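Participant: A single structure is presented below for examination.
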Amino acid sequence: MKIAWIGIGHMGKPMAKHMMTAAEEFIVHDLNPEAATDMLEDGAHWADTPAEAASGKDLIVTCLPMPQHVDAVSFGDDGISEGVEDGAIVIDCTSNSLDMVRSLHQRYADQGITFLDTPVSGGVIGAMNRDLAVYVGGDHDAYQSIKPTLDAMGDKVQYCGGLGTGTICKLMNQLFGAMVGMARMEVVTAGVKAGVELDVLVKAIHEGSGGKSRPFDGFQRPPEDYDDTEFTFYLELGAKDVRLANEIGRSLRVPQPLANLTEARLMEALNRGWGKKRNEVIGEIQQQISNVNLKVDG
């Protein structure tokens, strides 16, 4: 497969190096030509413009900082659209906006070109070690045709569905990570300010029920699993623990917006009569106010 890669920054370069191993011909372009020096020494070719890079290639990959950069590289002067040929596939590994992804798809489709959104997660170290999640949205046949090439770049390639689903998965992953990071700092600052040594507190949380399980383990359960069993940790007990923990934070003037929201949601669940149900039933409230049904069959 003849491949063009545009954007060899901190993430893009190690990804490109891995993909180059699966290419019959590999050409690169970047605003900084010096960034490509070692890749050219290893057999890659240089293109002066995105249009030149795209010409005659089966697959064109963009990996850029911002949505506007992808737009400019794709449809600006000397952009990919001026050089790409019928039958080629364009994929974008940028953490892009959903609106931009849809716009790119439509404009490429108007030229008869297939576009897939293909963002990645794993960080620079993951990109270097090929320890990389690759989320793909778009035409399934096109995905299948390039999957072996994507496998060269990342070890966790996943088809997510129609156009934009790869971007949605990536952005929800980023949001989740940011929220977990904020929650972590809320509990750690409160605990340390209350008098516990940081390393002791971190070990205590890590080895307790709050820290030892991955957050999505056991997430998808049938609704009846919310009901009382001999193993149930009642929601009313969880609500009590959260209230007591928040009392510590409030007494020390530690701002804890996520913790306070959690307590408010637990109060709402108690007012619905769910005190004797499994603690995770609180998720039903978010489903209802979002008009989303996440239930699975029993």
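Letters A, B, ... go to the chains of the structure tokens in the order shown; residues in each chain start at 1; ligands are counted from 1 in the same order.
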Write out as an NGL selection string which residues come within 12 Å of Tyr159 of chain A when counting only C-alpha atoms, dropping same-chain ones fewer than 2 positions away.

Facilitator: :A and (116-119 or 133-144 or 146-147 or 150-151 or 156-157 or 161-167 or 169)

Participant: Would you mind listing what lies within 10 Å of segment 238-248 of chain A as a PyMOL selection string, with only C-alpha atoms counted and same-chain residues fewer than 4 positions away left out?

Facilitator: chain A and resi 187+190-191+193-194+233-234+252-256+259-260+262-267+269-270+275+278-280

Participant: Would you save the residues of that selection, restricted to C-alpha atoms, as a short mmCIF file (atom, residue, chain, number, x, y, z; two decimals), in the first residue's frame?

Facilitator:
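Written output follows (out-v9.cif):
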```
data_model
loop_
_atom_site.label_atom_id
_atom_site.label_comp_id
_atom_site.auth_asym_id
_atom_site.auth_seq_id
_atom_site.Cartn_x
_atom_site.Cartn_y
_atom_site.Cartn_z
CA VAL A 187 -10.59 13.32 47.56
CA ALA A 190 -9.55 16.73 51.42
CA GLY A 191 -7.88 13.67 52.93
CA LYS A 193 -5.84 18.50 54.62
CA ALA A 194 -7.72 16.41 57.20
CA PHE A 233 -24.05 -2.71 49.46
CA TYR A 234 -27.12 -0.58 49.98
CA LEU A 252 -11.85 22.28 56.01
CA ARG A 253 -13.10 24.53 53.20
CA VAL A 254 -11.94 22.16 50.47
CA PRO A 255 -13.97 22.82 47.28
CA GLN A 256 -15.41 19.52 46.02
CA ALA A 259 -18.38 15.23 45.46
CA ASN A 260 -21.25 17.59 46.23
CA THR A 262 -22.63 13.01 43.87
CA GLU A 263 -24.18 13.59 47.28
CA ALA A 264 -27.09 15.47 45.71
CA ARG A 265 -27.74 12.62 43.27
CA LEU A 266 -27.66 10.10 46.11
CA MET A 267 -30.21 12.19 48.03
CA ALA A 269 -32.14 8.36 44.78
CA LEU A 270 -33.05 8.05 48.46
CA GLY A 275 -32.14 3.12 49.67
CA ARG A 278 -27.53 -1.71 44.97
CA ASN A 279 -25.48 1.49 45.07
CA GLU A 280 -25.06 1.57 41.27
#
```

Participant: According to DSSP computed on the backbone, where in segment 191-297 of chain A is there alpha helix (DSSP H)? Give the residues as JSON, numbers by chain.

Facilitator: {"A": [191, 192, 193, 198, 199, 200, 201, 202, 203, 204, 205, 206, 207, 209, 210, 211, 212, 235, 236, 237, 238, 239, 240, 241, 242, 243, 244, 245, 246, 247, 248, 249, 250, 251, 257, 258, 259, 260, 261, 262, 263, 264, 265, 266, 267, 268, 269, 270, 271, 283, 284, 285, 286, 287, 288, 289, 290]}

Participant: Would you compute the distance between atom CA of Asp131 of chain A and atom CA of Thr114 of chain A? Give it in Å to one decimal.

Facilitator: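 Value for the atom CA of Asp131 of chain A-atom CA of Thr114 of chain A distance: 26.8 Å.
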
Participant: Pick out the residues sitting within 10 Å of segment 201-212 of chain A, and hand them over as a list in words; count only C-alpha atoms, and ignore anything fewer than 2 positions along from it in its own chain.

Facilitator: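 In the requested format, the answer is Arg184, Val187, Val188, Gly191, Val192, Gly195, Val196, Glu197, Leu198, Asp199, Arg214 and Pro215 of chain A.
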
Participant: Find, counting only C-alpha atoms, the residue in A:Ala35, A:Met179, A:Met1, A:Ile168 that gets nearest to Thr149 of chain A.

Facilitator: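 Ranking A:Ala35, A:Met179, A:Met1, A:Ile168 by distance to Thr149 of chain A, first place goes to A:Met1.
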
Participant: Identify, on the basis of only C-alpha atoms, every residue whose closest approach to Leu132 of chain A does not exceed 6 Å; exclude the query and any residue fewer than 5 positions from it along the same chain; express the result as a list in words.

Facilitator: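 The contact residues come out as Ser121, Gly122, Gly126, Ala127, Gly154, Asp155 and Lys156 of chain A.
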
Participant: Leaving out Asn129 of chain A and any residue of its chain fewer than 5 positions from it, which residues lie within 12 Å of it when counting only C-alpha atoms, given as a list in words?

Facilitator: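 The residues satisfying every condition are Met11, Pro14, Met15, Lys17, His18, Gly122, Gly123, Val124, Ala152, Met153, Gly154 and Asp155 of chain A.
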
Participant: In terms of the shortest atom-to-atom distance over only C-alpha atoms, which of A:Trp46, A:Phe26, A:Phe176, A:Trp274 is closest to Glu236 of chain A?

Facilitator: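 Closest candidate: A:Trp274.
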
Participant: Fewer than 3 positions away in the same chain doesn't count, so skip those; otherwise give me all residues within 8 Å of Ser95 of chain A, counting only C-alpha atoms, as a ChimeraX atom specification.

Facilitator: /A:65-67,119-120,167,170-171
